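Trainee: Got a structure for you, data-v6.cif, holding mmCIF, C-alpha atoms.
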data_protein
loop_
_atom_site.label_atom_id
_atom_site.label_comp_id
_atom_site.auth_asym_id
_atom_site.auth_seq_id
_atom_site.Cartn_x
_atom_site.Cartn_y
_atom_site.Cartn_z
CA MET H 7 -6.86 -61.91 14.94
CA ARG H 8 -6.48 -65.12 13.05
CA ARG H 9 -3.95 -65.60 10.29
CA ARG H 10 -5.21 -64.88 6.81
CA HIS H 11 -6.36 -67.92 4.87
CA GLY H 12 -4.62 -67.06 1.64
CA GLU H 13 -1.16 -67.10 3.12
CA ARG H 14 0.90 -69.90 1.69
CA ARG H 15 2.82 -72.29 3.81
CA HIS H 16 5.22 -73.39 1.12
CA LEU H 17 5.99 -72.13 -2.35
CA GLU H 18 4.58 -74.05 -5.30
CA PRO H 19 6.20 -73.87 -8.72
CA PRO H 20 4.54 -70.93 -10.52
CA ARG H 21 2.03 -71.84 -13.15
CA LEU H 22 1.36 -69.71 -16.21
CA ASN H 23 -2.23 -68.57 -16.18
CA LEU H 24 -3.38 -68.65 -19.74
CA THR H 25 -7.11 -68.46 -19.16
CA ALA H 26 -7.47 -64.79 -20.12
CA MET H 27 -5.42 -65.27 -23.25
CA VAL H 28 -7.44 -68.31 -24.26
CA ASP H 29 -10.58 -66.22 -23.81
CA VAL H 30 -9.23 -63.52 -26.09
CA PHE H 31 -8.12 -66.05 -28.67
CA THR H 32 -11.44 -67.83 -28.64
CA VAL H 33 -13.29 -64.58 -29.32
CA LEU H 34 -10.80 -63.66 -32.01
CA LEU H 35 -11.10 -67.09 -33.56
CA VAL H 36 -14.87 -66.92 -33.74
CA PHE H 37 -14.74 -63.41 -35.16
CA LEU H 38 -12.21 -64.32 -37.82
CA LEU H 39 -14.04 -67.49 -38.77
CA LYS H 40 -17.21 -65.46 -39.16
CA SER H 41 -15.59 -62.87 -41.40
CA TYR H 42 -13.92 -65.67 -43.32
CA ALA H 43 -17.29 -67.17 -44.12
CA ALA H 44 -18.90 -63.83 -44.95
CA GLU H 45 -16.40 -62.73 -47.53
CA GLY H 46 -15.58 -64.64 -50.64
CA MET H 47 -18.38 -63.32 -52.77
CA LEU H 48 -16.03 -61.03 -54.59
CA THR H 49 -12.38 -61.71 -54.66
CA ALA H 50 -9.94 -59.69 -56.62
CA ALA H 51 -8.65 -62.33 -58.99
CA ALA H 52 -5.80 -60.37 -60.42
CA GLN H 53 -2.73 -58.87 -58.99
CA ASN H 54 -2.16 -55.16 -59.44
CA LEU H 55 -5.83 -54.36 -59.14
CA GLU H 56 -7.09 -51.68 -56.85
CA LEU H 57 -10.78 -50.99 -56.80
CA PRO H 58 -11.98 -47.43 -56.42
CA ALA H 59 -13.52 -46.41 -53.10
CA SER H 60 -17.14 -45.46 -52.84
CA THR H 61 -19.69 -44.64 -50.18
CA SER H 62 -22.10 -47.20 -51.63
CA SER H 63 -23.14 -49.86 -49.17
CA VAL H 64 -24.97 -52.22 -51.52
CA PRO H 65 -23.69 -55.73 -50.76
CA PRO H 66 -22.08 -57.57 -53.66
CA GLN H 67 -23.93 -60.43 -55.28
CA ALA H 68 -22.58 -63.67 -56.58
CA THR H 69 -22.52 -62.99 -60.28
CA ILE H 70 -20.21 -63.46 -63.18
CA THR H 71 -17.34 -61.03 -62.83
CA ILE H 72 -15.30 -59.17 -65.38
CA THR H 73 -11.99 -57.98 -64.01
CA ILE H 74 -10.07 -55.15 -65.60
CA SER H 75 -6.61 -55.14 -64.10
CA GLU H 76 -3.80 -52.81 -65.06
CA ASP H 77 -2.76 -54.93 -68.00
CA ALA H 78 -5.29 -57.66 -68.68
CA LEU H 79 -8.91 -58.57 -68.84
CA PHE H 80 -10.48 -61.53 -67.05
CA VAL H 81 -13.88 -63.17 -67.09
CA GLU H 82 -14.13 -64.94 -63.74
CA ASP H 83 -10.64 -66.43 -63.56
CA GLU H 84 -10.10 -66.86 -67.25
CA ARG H 85 -7.77 -64.42 -68.93
CA VAL H 86 -9.41 -63.19 -72.09
CA GLY H 87 -6.90 -60.72 -73.39
CA ASP H 88 -4.47 -57.92 -72.82
CA LEU H 89 -5.58 -54.41 -72.14
CA ALA H 90 -3.32 -53.18 -74.93
CA THR H 91 -5.23 -55.22 -77.50
CA LEU H 92 -8.49 -53.96 -76.09
CA VAL H 93 -7.38 -50.35 -76.37
CA ALA H 94 -6.28 -50.97 -79.93
CA THR H 95 -9.61 -52.55 -80.91
CA ASP H 96 -11.67 -50.45 -83.24
CA GLY H 97 -15.24 -49.97 -82.26
CA LEU H 98 -16.85 -50.68 -78.93
CA PHE H 99 -17.25 -54.45 -79.23
CA VAL H 100 -14.37 -56.53 -77.87
CA PRO H 101 -14.50 -59.90 -79.69
CA ASP H 102 -12.46 -61.92 -77.16
CA LEU H 103 -14.53 -60.73 -74.24
CA GLY H 104 -17.72 -61.21 -76.20
CA ARG H 105 -16.79 -64.81 -76.97
CA ALA H 106 -15.99 -65.58 -73.35
CA LEU H 107 -19.24 -64.04 -72.16
CA LYS H 108 -21.23 -65.88 -74.81
CA ALA H 109 -19.84 -69.16 -73.51
CA ARG H 110 -20.99 -68.24 -69.99
CA VAL H 111 -24.43 -67.33 -71.25
CA GLU H 112 -24.76 -70.66 -73.04
CA LYS H 113 -23.62 -72.51 -69.95
CA ALA H 114 -26.04 -70.59 -67.75
CA ARG H 115 -28.87 -71.21 -70.22
CA PHE H 116 -28.05 -74.89 -70.29
CA ILE H 117 -28.16 -75.10 -66.50
CA ALA H 118 -31.37 -73.08 -66.42
CA GLY H 119 -32.86 -75.44 -68.99
CA SER H 120 -32.47 -78.48 -66.80
CA ASN H 121 -32.97 -76.89 -63.41
CA ALA H 122 -36.02 -74.73 -62.91
CA ALA H 123 -34.64 -73.23 -59.74
CA VAL H 124 -31.87 -71.50 -61.65
CA SER H 125 -32.49 -68.81 -64.18
CA PHE H 126 -30.23 -66.63 -66.23
CA LEU H 127 -30.50 -63.07 -64.98
CA GLY H 128 -27.84 -61.42 -67.07
CA LYS H 129 -26.08 -59.91 -64.11
CA VAL H 130 -22.43 -59.08 -64.22
CA THR H 131 -20.07 -57.33 -61.81
CA ILE H 132 -17.16 -55.35 -63.14
CA LEU H 133 -14.07 -55.17 -60.97
CA GLY H 134 -11.99 -52.44 -62.45
CA ASP H 135 -8.71 -50.94 -61.42
CA LYS H 136 -9.22 -47.37 -60.34
CA GLN H 137 -6.89 -46.02 -62.98
CA THR H 138 -8.80 -47.64 -65.83
CA PRO H 139 -9.67 -44.96 -68.39
CA PHE H 140 -13.31 -44.60 -69.29
CA ALA H 141 -12.70 -45.64 -72.90
CA VAL H 142 -11.75 -49.15 -71.69
CA LEU H 143 -14.63 -49.31 -69.26
CA GLU H 144 -17.03 -48.28 -71.97
CA LYS H 145 -15.87 -51.03 -74.31
CA VAL H 146 -16.22 -53.62 -71.57
CA MET H 147 -19.67 -52.41 -70.58
CA TYR H 148 -20.80 -52.25 -74.19
CA THR H 149 -19.57 -55.78 -74.88
CA ALA H 150 -21.26 -57.04 -71.73
CA SER H 151 -24.60 -55.49 -72.56
CA VAL H 152 -24.46 -56.73 -76.13
CA SER H 153 -23.65 -60.23 -74.80
CA GLU H 154 -26.91 -60.30 -72.84
CA PHE H 155 -25.40 -59.10 -69.59
CA GLY H 156 -27.54 -56.03 -69.26
CA ASP H 157 -27.50 -55.68 -65.50
CA ILE H 158 -24.10 -54.23 -64.74
CA ALA H 159 -22.74 -53.50 -61.29
CA LEU H 160 -19.41 -51.90 -60.49
CA ALA H 161 -17.43 -53.32 -57.60
CA VAL H 162 -15.92 -50.81 -55.20
CA TYR H 163 -14.25 -50.69 -51.85
CA GLN H 164 -16.60 -49.45 -49.24
CA LYS H 165 -15.49 -46.36 -47.39
CA SER H 166 -17.16 -44.39 -44.69
CA ARG H 167 -19.02 -41.24 -45.62
CA ALA H 168 -16.83 -39.02 -43.53
CA GLY H 169 -13.72 -40.14 -45.38
CA MET R 1 -16.47 -71.18 11.54
CA LEU R 2 -18.05 -70.81 8.17
CA ALA R 3 -14.88 -69.47 6.75
CA ARG R 4 -12.91 -72.40 7.97
CA LEU R 5 -15.35 -74.81 6.43
CA ALA R 6 -15.06 -73.08 3.09
CA HIS R 7 -11.35 -73.17 3.37
CA GLY R 8 -11.33 -76.80 4.17
CA ARG R 9 -13.30 -77.61 1.10
CA ARG R 10 -10.58 -76.30 -1.14
CA ARG R 11 -8.32 -79.21 -0.58
CA PRO R 12 -5.43 -79.23 -3.02
CA VAL R 13 -6.23 -81.47 -5.95
CA ALA R 14 -3.41 -83.19 -7.72
CA ASP R 15 -3.65 -81.21 -10.95
CA GLU R 16 -6.00 -78.30 -11.21
CA ALA R 17 -4.99 -77.07 -14.65
CA ILE R 18 -7.39 -77.55 -17.53
CA HIS R 19 -5.93 -79.48 -20.39
CA ILE R 20 -5.95 -76.92 -23.12
CA VAL R 21 -2.93 -78.03 -25.06
CA ALA R 22 -4.95 -79.31 -27.99
CA LEU R 23 -7.12 -76.20 -28.10
CA TRP R 24 -4.02 -74.12 -27.83
CA ASN R 25 -2.38 -75.79 -30.79
CA LEU R 26 -5.50 -75.32 -32.86
CA MET R 27 -5.57 -71.63 -32.08
CA ILE R 28 -1.92 -71.10 -32.76
CA ILE R 29 -2.40 -72.55 -36.23
CA LEU R 30 -5.80 -71.08 -37.05
CA ILE R 31 -5.31 -67.52 -35.89
CA PRO R 32 -2.32 -66.62 -38.06
CA PHE R 33 -3.98 -68.35 -40.98
CA LEU R 34 -7.23 -66.48 -40.57
CA LEU R 35 -5.48 -63.19 -39.88
CA LEU R 36 -3.55 -63.58 -43.09
CA SER R 37 -6.57 -64.37 -45.17
CA ALA R 38 -8.93 -61.93 -43.50
CA VAL R 39 -10.09 -59.15 -45.76
CA PHE R 40 -10.55 -56.02 -43.75
CA SER R 41 -11.68 -53.87 -46.62
CA GLN R 42 -15.32 -54.49 -47.34
CA THR R 43 -16.35 -54.55 -50.97
CA SER R 44 -19.66 -53.30 -52.15
CA ILE R 45 -21.16 -52.56 -55.53
CA VAL R 46 -22.63 -49.63 -57.39
CA ASN R 47 -25.48 -50.60 -59.63
CA LEU R 48 -25.79 -49.02 -63.02
CA TYR R 49 -29.19 -47.94 -64.11
CA LEU R 50 -30.59 -49.04 -67.41
CA PRO R 51 -32.92 -46.51 -68.89
CA PRO R 52 -36.21 -48.02 -70.06
CA PRO R 53 -36.50 -48.47 -73.82
CA PRO R 54 -37.75 -45.36 -75.58
CA LYS R 55 -40.74 -47.12 -77.07
CA ALA R 56 -42.72 -47.82 -73.92
CA ALA R 57 -45.40 -50.46 -74.04
CA PRO R 58 -48.97 -49.17 -74.25
CA GLY R 59 -50.47 -48.47 -70.89
CA VAL R 60 -47.14 -47.60 -69.37
CA PRO R 61 -47.02 -43.90 -68.56
CA ALA R 62 -44.55 -41.99 -70.63
CA PRO R 63 -41.35 -40.99 -68.87
CA SER R 64 -41.69 -37.67 -67.17
CA ALA R 65 -41.28 -34.68 -69.41
CA THR R 66 -38.70 -32.89 -67.30
CA PRO R 67 -35.29 -33.36 -68.82
CA LYS R 68 -32.92 -35.42 -66.75
CA PRO R 69 -29.75 -33.83 -65.44
CA VAL R 70 -26.53 -34.65 -67.19
CA VAL R 71 -23.12 -34.36 -65.57
CA SER R 72 -20.27 -34.24 -68.02
CA ILE R 73 -16.80 -34.99 -66.72
CA VAL R 74 -14.35 -33.13 -68.89
CA HIS R 75 -10.63 -32.76 -68.37
CA ASP R 76 -10.91 -29.47 -66.51
CA GLY R 77 -13.98 -30.00 -64.40
CA TYR R 78 -17.67 -30.80 -64.46
CA VAL R 79 -20.28 -29.40 -66.77
CA LEU R 80 -23.79 -29.76 -65.53
CA SER R 81 -26.55 -29.60 -68.07
CA ASP R 82 -30.22 -30.21 -68.31
CA GLY R 83 -30.80 -31.71 -71.68
CA PRO R 84 -29.60 -29.08 -74.12
CA THR R 85 -29.19 -26.25 -71.64
CA VAL R 86 -26.02 -25.88 -69.61
CA ILE R 87 -26.76 -25.17 -65.97
CA GLY R 88 -23.28 -24.60 -64.68
CA ALA R 89 -19.65 -25.53 -64.85
CA ILE R 90 -17.54 -26.58 -61.88
CA PRO R 91 -13.82 -26.17 -62.40
CA LEU R 92 -11.22 -28.33 -60.69
CA ASP R 93 -10.38 -27.24 -57.16
CA ALA R 94 -7.12 -25.69 -56.07
CA GLU R 95 -5.46 -29.10 -55.76
CA GLY R 96 -6.45 -30.08 -59.27
CA ARG R 97 -9.14 -32.52 -58.17
CA TYR R 98 -12.72 -32.72 -59.24
CA ASN R 99 -14.88 -30.70 -56.91
CA THR R 100 -17.45 -33.27 -55.85
CA ASN R 101 -18.75 -31.19 -52.95
CA LYS R 102 -19.69 -28.37 -55.26
CA LEU R 103 -21.31 -30.84 -57.63
CA THR R 104 -23.41 -32.28 -54.83
CA GLU R 105 -24.47 -28.77 -53.76
CA LEU R 106 -25.57 -27.95 -57.28
CA LEU R 107 -27.40 -31.26 -57.65
CA VAL R 108 -29.22 -30.70 -54.35
CA SER R 109 -30.67 -27.48 -55.75
CA ILE R 110 -31.62 -29.27 -58.97
CA LYS R 111 -33.22 -32.08 -57.03
CA ARG R 112 -35.32 -29.52 -55.17
CA ALA R 113 -36.71 -28.33 -58.48
CA ILE R 114 -37.44 -31.84 -59.82
CA PRO R 115 -38.05 -34.00 -56.75
CA ASP R 116 -39.70 -36.80 -58.74
CA ARG R 117 -36.72 -37.52 -60.94
CA SER R 118 -34.12 -39.96 -59.73
CA ASP R 119 -32.12 -40.66 -62.84
CA ILE R 120 -29.03 -38.91 -64.04
CA VAL R 121 -26.56 -39.39 -66.86
CA ILE R 122 -22.86 -39.10 -66.27
CA LEU R 123 -20.88 -38.50 -69.42
CA SER R 124 -17.13 -38.86 -69.40
CA GLU R 125 -14.27 -38.18 -71.70
CA ASP R 126 -12.16 -41.11 -72.84
CA ARG R 127 -9.27 -40.46 -70.49
CA ILE R 128 -11.21 -39.94 -67.30
CA PRO R 129 -10.07 -42.60 -64.77
CA TYR R 130 -12.58 -45.01 -63.34
CA GLU R 131 -11.98 -43.66 -59.84
CA THR R 132 -13.13 -40.19 -60.84
CA ILE R 133 -16.27 -41.64 -62.35
CA VAL R 134 -17.05 -43.55 -59.17
CA ARG R 135 -16.46 -40.44 -57.08
CA THR R 136 -18.80 -38.51 -59.34
CA MET R 137 -21.39 -41.25 -59.01
CA ASP R 138 -21.07 -41.01 -55.23
CA ALA R 139 -21.56 -37.27 -55.40
CA SER R 140 -24.62 -37.66 -57.62
CA ARG R 141 -26.20 -40.52 -55.73
CA GLU R 142 -26.65 -38.99 -52.35
CA ALA R 143 -25.97 -35.88 -50.35
CA VAL R 144 -24.84 -36.02 -46.77
CA VAL R 145 -26.96 -33.65 -44.76
CA GLU R 146 -26.95 -32.88 -41.10
CA ARG R 147 -30.22 -33.74 -39.45
CA ASP R 148 -30.78 -33.53 -35.70
CA GLY R 149 -27.07 -33.15 -35.22
CA ARG R 150 -26.33 -36.37 -37.03
CA LEU R 151 -25.09 -36.96 -40.54
CA ALA R 152 -27.58 -38.67 -42.77
CA ALA R 153 -27.57 -39.52 -46.45
CA GLU R 154 -30.30 -38.07 -48.57
CA PRO R 155 -30.82 -39.63 -51.97
CA LEU R 156 -30.31 -37.36 -54.93
CA PHE R 157 -30.20 -39.23 -58.22
CA PRO R 158 -29.52 -42.90 -57.45
CA ASN R 159 -30.29 -44.18 -60.94
CA ILE R 160 -27.07 -43.48 -62.76
CA SER R 161 -26.37 -44.15 -66.42
CA LEU R 162 -22.95 -43.77 -67.92
CA GLY R 163 -22.12 -42.42 -71.32
CA ARG R 164 -19.35 -40.78 -73.16
CA ILE R 165 -18.52 -37.42 -74.61
CA GLY R 166 -16.67 -37.71 -77.82
CA PRO R 167 -16.78 -38.29 -81.52
CA ARG R 168 -19.08 -41.28 -81.21
CA ALA R 169 -22.69 -40.68 -80.35
CA ALA R 170 -23.00 -40.01 -76.66
CA LYS R 171 -25.59 -42.40 -75.45
CA PRO R 172 -26.11 -44.24 -72.18
CA VAL R 173 -24.71 -47.72 -72.04
CA GLY R 174 -28.07 -49.23 -71.27
CA ASP R 175 -29.49 -48.15 -74.57
CA GLU R 176 -27.69 -50.94 -76.38
CA PRO R 177 -29.73 -53.89 -77.62
#
Give the structure from this file in structure tokens form.
Mentor:
Amino acid sequence: MRRRHGERRHLEPPRLNLTAMVDVFTVLLVFLLKSYAAEGMLTAAAQNLELPASTSSVPPQATITITISEDALFVEDERVGDLATLVATDGLFVPDLGRALKARVEKARFIAGSNAAVSFLGKVTILGDKQTPFAVLEKVMYTASVSEFGDIALAVYQKSRAG
Amino acid sequence: MLARLAHGRRRPVADEAIHIVALWNLMIILIPFLLLSAVFSQTSIVNLYLPPPPKAAPGVPAPSATPKPVVSIVHDGYVLSDGPTVIGAIPLDAEGRYNTNKLTELLVSIKRAIPDRSDIVILSEDRIPYETIVRTMDASREAVVERDGRLAAEPLFPNISLGRIGPRAAKPVGDEP
């Protein structure tokens, strides 16, 4: 019986074998980069905002967003007023929000006027905190639909059906 | 013989290690960054349905005559009605939460009676939180049924309009100009 080939004659300094770890990291890196590129359509602009959970699986679209946080109202990233003022407003129309939306409509119309590939669809996504009372939501939705944003979608966190 | 040849081929090379230092640095930086910014909760949307204007253009068939179901969310439960007639009331459950399962059950039976209708109106009181409304919309949109041993979603009334109960006229949001 001959001596086994693998037997070492002398000891070499041990070398850390990182190949497996590099494999894992590469996969993780690709996965994270992919999810990084996929999200970004809807980002919660405001702090203290928690969307409600829903079983809906309709993917979000890139539209103008109205954010109702716990204490303020935003159109895209622009703060258009406090929630307290909105609650105190008489009637359903919220003038500050209406003005901000009107500006977006005009901008969108202007772009659509010079670029045939773009058209104004009147779509808006509402990101509302889950504790928002319906009275506030109603005012926001009313103002949006009066300001030519008739196609309203509500943003939610997706949850599984079993949950 | 063959084995010895194979062994002989593996002559020790000066440095066998792959140079991965640069790749390694990149990963060390990128992975924490991406992990921090990764959003693990997926967002989706719920579309609101806009009822067609009452005065339909000529040639367009009139909306079906069967009255559409209306779910009213009041402070102590759901009231399900069918136009002017009240079909049933669902009180809060033992834990003080809205009983969406019961609502879905009731809507399934209604859907069986009017299979061609897919629109529903959800009316809420002023104080009802948004989350409750979304849960109600979930319950009205689809029912989870077991089919062939697997859970599947069956559409109930996916076209949802929102409205309010209260002193002001209760009308769906989409009816505005």
Trainee: Starting from the PyMOL selection byres ((chain H and resi 134) around 9), expand the selection into actual residues of this file and give them as a list in words.
Mentor: Leu55, Glu56, Leu57, Pro58, Ile72, Thr73, Ile74, Ser75, Glu76, Ile132, Leu133, Asp135, Lys136, Gln137, Thr138, Leu143, Leu160, Ala161 and Val162 of chain H; Tyr130 of chain R
Trainee: Using the selection just defined, write its residues with C-alpha atoms as a PDB file, in the frame of the given file.
Mentor:
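The result, stored in again-v9.pdb:
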ATOM      1  CA  LEU H  55      -5.830 -54.360 -59.140  1.00  0.00           C
ATOM      2  CA  GLU H  56      -7.090 -51.680 -56.850  1.00  0.00           C
ATOM      3  CA  LEU H  57     -10.780 -50.990 -56.800  1.00  0.00           C
ATOM      4  CA  PRO H  58     -11.980 -47.430 -56.420  1.00  0.00           C
ATOM      5  CA  ILE H  72     -15.300 -59.170 -65.380  1.00  0.00           C
ATOM      6  CA  THR H  73     -11.990 -57.980 -64.010  1.00  0.00           C
ATOM      7  CA  ILE H  74     -10.070 -55.150 -65.600  1.00  0.00           C
ATOM      8  CA  SER H  75      -6.610 -55.140 -64.100  1.00  0.00           C
ATOM      9  CA  GLU H  76      -3.800 -52.810 -65.060  1.00  0.00           C
ATOM     10  CA  ILE H 132     -17.160 -55.350 -63.140  1.00  0.00           C
ATOM     11  CA  LEU H 133     -14.070 -55.170 -60.970  1.00  0.00           C
ATOM     12  CA  ASP H 135      -8.710 -50.940 -61.420  1.00  0.00           C
ATOM     13  CA  LYS H 136      -9.220 -47.370 -60.340  1.00  0.00           C
ATOM     14  CA  GLN H 137      -6.890 -46.020 -62.980  1.00  0.00           C
ATOM     15  CA  THR H 138      -8.800 -47.640 -65.830  1.00  0.00           C
ATOM     16  CA  LEU H 143     -14.630 -49.310 -69.260  1.00  0.00           C
ATOM     17  CA  LEU H 160     -19.410 -51.900 -60.490  1.00  0.00           C
ATOM     18  CA  ALA H 161     -17.430 -53.320 -57.600  1.00  0.00           C
ATOM     19  CA  VAL H 162     -15.920 -50.810 -55.200  1.00  0.00           C
TER      20      VAL H 162
ATOM     21  CA  TYR R 130     -12.580 -45.010 -63.340  1.00  0.00           C
TER      22      TYR R 130
END
Trainee: Give me, as CSV, each residue of chain H that comes within 8 Å of chain R, together with its shortest interatomic pair and the distance in Å at one decimal, counting all atoms listed in the file, with rows ordered by chain and rising residue number.
Mentor:
residue,atom,partner,partner_atom,distance
H:His11,CA,R:His7,CA,7.4
H:Val28,CA,R:Trp24,CA,7.6
H:Phe31,CA,R:Met27,CA,7.0
H:Thr32,CA,R:Met27,CA,7.8
H:Leu34,CA,R:Ile31,CA,7.8
H:Leu35,CA,R:Ile31,CA,6.3
H:Leu38,CA,R:Leu34,CA,6.1
H:Leu39,CA,R:Leu34,CA,7.1
H:Ser41,CA,R:Ala38,CA,7.0
H:Tyr42,CA,R:Ala38,CA,6.2
H:Glu45,CA,R:Val39,CA,7.5
H:Leu48,CA,R:Thr43,CA,7.4
H:Pro58,CA,R:Glu131,CA,5.1
H:Ala59,CA,R:Glu131,CA,7.4
H:Ser60,CA,R:Asp138,CA,6.4
H:Thr61,CA,R:Asp138,CA,6.4
H:Ser62,CA,R:Val46,CA,6.3
H:Ser63,CA,R:Ser44,CA,5.7
H:Val64,CA,R:Ser44,CA,5.5
H:Pro65,CA,R:Ser44,CA,4.9
H:Pro66,CA,R:Ser44,CA,5.1
H:Thr131,CA,R:Ile45,CA,8.0
H:Gly134,CA,R:Tyr130,CA,7.5
H:Asp135,CA,R:Tyr130,CA,7.3
H:Lys136,CA,R:Glu131,CA,4.7
H:Gln137,CA,R:Pro129,CA,5.0
H:Thr138,CA,R:Tyr130,CA,5.2
H:Pro139,CA,R:Pro129,CA,4.3
H:Phe140,CA,R:Asp126,CA,5.1
H:Ala141,CA,R:Asp126,CA,4.6
H:Leu143,CA,R:Tyr130,CA,7.6
H:Glu144,CA,R:Val173,CA,7.7
H:Met147,CA,R:Val173,CA,7.0
H:Tyr148,CA,R:Val173,CA,6.4
H:Ser151,CA,R:Glu176,CA,6.7
H:Val152,CA,R:Pro177,CA,6.2
H:Gly156,CA,R:Gly174,CA,7.1
H:Asp157,CA,R:Leu48,CA,7.3
H:Ile158,CA,R:Leu48,CA,5.7
H:Ala159,CA,R:Asn47,CA,4.3
H:Leu160,CA,R:Val46,CA,5.0
H:Ala161,CA,R:Ile45,CA,4.3
H:Val162,CA,R:Ser44,CA,5.4
H:Tyr163,CA,R:Thr43,CA,4.5
H:Gln164,CA,R:Thr43,CA,5.4
H:Arg167,CA,R:Val144,CA,7.9
Trainee: Would you kindly translate the PyMOL selection byres ((chain R and resi 76-78) around 10) into the concrete residues it picks from this file, as JSON, numbers by chain?
Mentor: {"R": [71, 72, 73, 74, 75, 79, 80, 81, 88, 89, 90, 91, 92, 93, 96, 97, 98, 99, 100, 102, 103, 122, 123, 124, 136]}
Trainee: Using Å and a single decimal, report how far atom CA of H:Ser125 sits from atom CA of H:Lys113.
Mentor: 11.2 Å
Trainee: Work out how far apart atom CA of R:Pro69 and atom CA of R:Glu154 are and give it in Å to one decimal.
Mentor: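 Between these atoms lies a distance of 17.4 Å.
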Trainee: Closest to H:Leu89 among H:His16, H:Lys40, H:Lys165, H:Lys145, using only C-alpha atoms?
Mentor: H:Lys145
Trainee: Going by the chain IDs and residue numbers used in this file, which residues fall under the PyMOL selection byres ((chain H and resi 88) around 12)? Write them as a list in words.
Mentor: Thr73, Ile74, Ser75, Glu76, Asp77, Ala78, Leu79, Phe80, Glu84, Arg85, Val86, Gly87, Leu89, Ala90, Thr91, Leu92, Val93, Ala94, Thr95, Val100, Asp102, Leu103 and Val142 of chain H
Trainee: Would you mind exporting the chosen residues as a tab-separated table (two decimals), keeping the file's coordinate frame, restricted to C-alpha atoms?
Mentor:
chain	number	residue	atom	x	y	z
H	73	THR	CA	-11.99	-57.98	-64.01
H	74	ILE	CA	-10.07	-55.15	-65.60
H	75	SER	CA	-6.61	-55.14	-64.10
H	76	GLU	CA	-3.80	-52.81	-65.06
H	77	ASP	CA	-2.76	-54.93	-68.00
H	78	ALA	CA	-5.29	-57.66	-68.68
H	79	LEU	CA	-8.91	-58.57	-68.84
H	80	PHE	CA	-10.48	-61.53	-67.05
H	84	GLU	CA	-10.10	-66.86	-67.25
H	85	ARG	CA	-7.77	-64.42	-68.93
H	86	VAL	CA	-9.41	-63.19	-72.09
H	87	GLY	CA	-6.90	-60.72	-73.39
H	89	LEU	CA	-5.58	-54.41	-72.14
H	90	ALA	CA	-3.32	-53.18	-74.93
H	91	THR	CA	-5.23	-55.22	-77.50
H	92	LEU	CA	-8.49	-53.96	-76.09
H	93	VAL	CA	-7.38	-50.35	-76.37
H	94	ALA	CA	-6.28	-50.97	-79.93
H	95	THR	CA	-9.61	-52.55	-80.91
H	100	VAL	CA	-14.37	-56.53	-77.87
H	102	ASP	CA	-12.46	-61.92	-77.16
H	103	LEU	CA	-14.53	-60.73	-74.24
H	142	VAL	CA	-11.75	-49.15	-71.69
Trainee: Do you have the atom CA of R:Ile110-atom CA of R:Ala94 distance handy?
Mentor: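 A separation of 24.9 Å between them.
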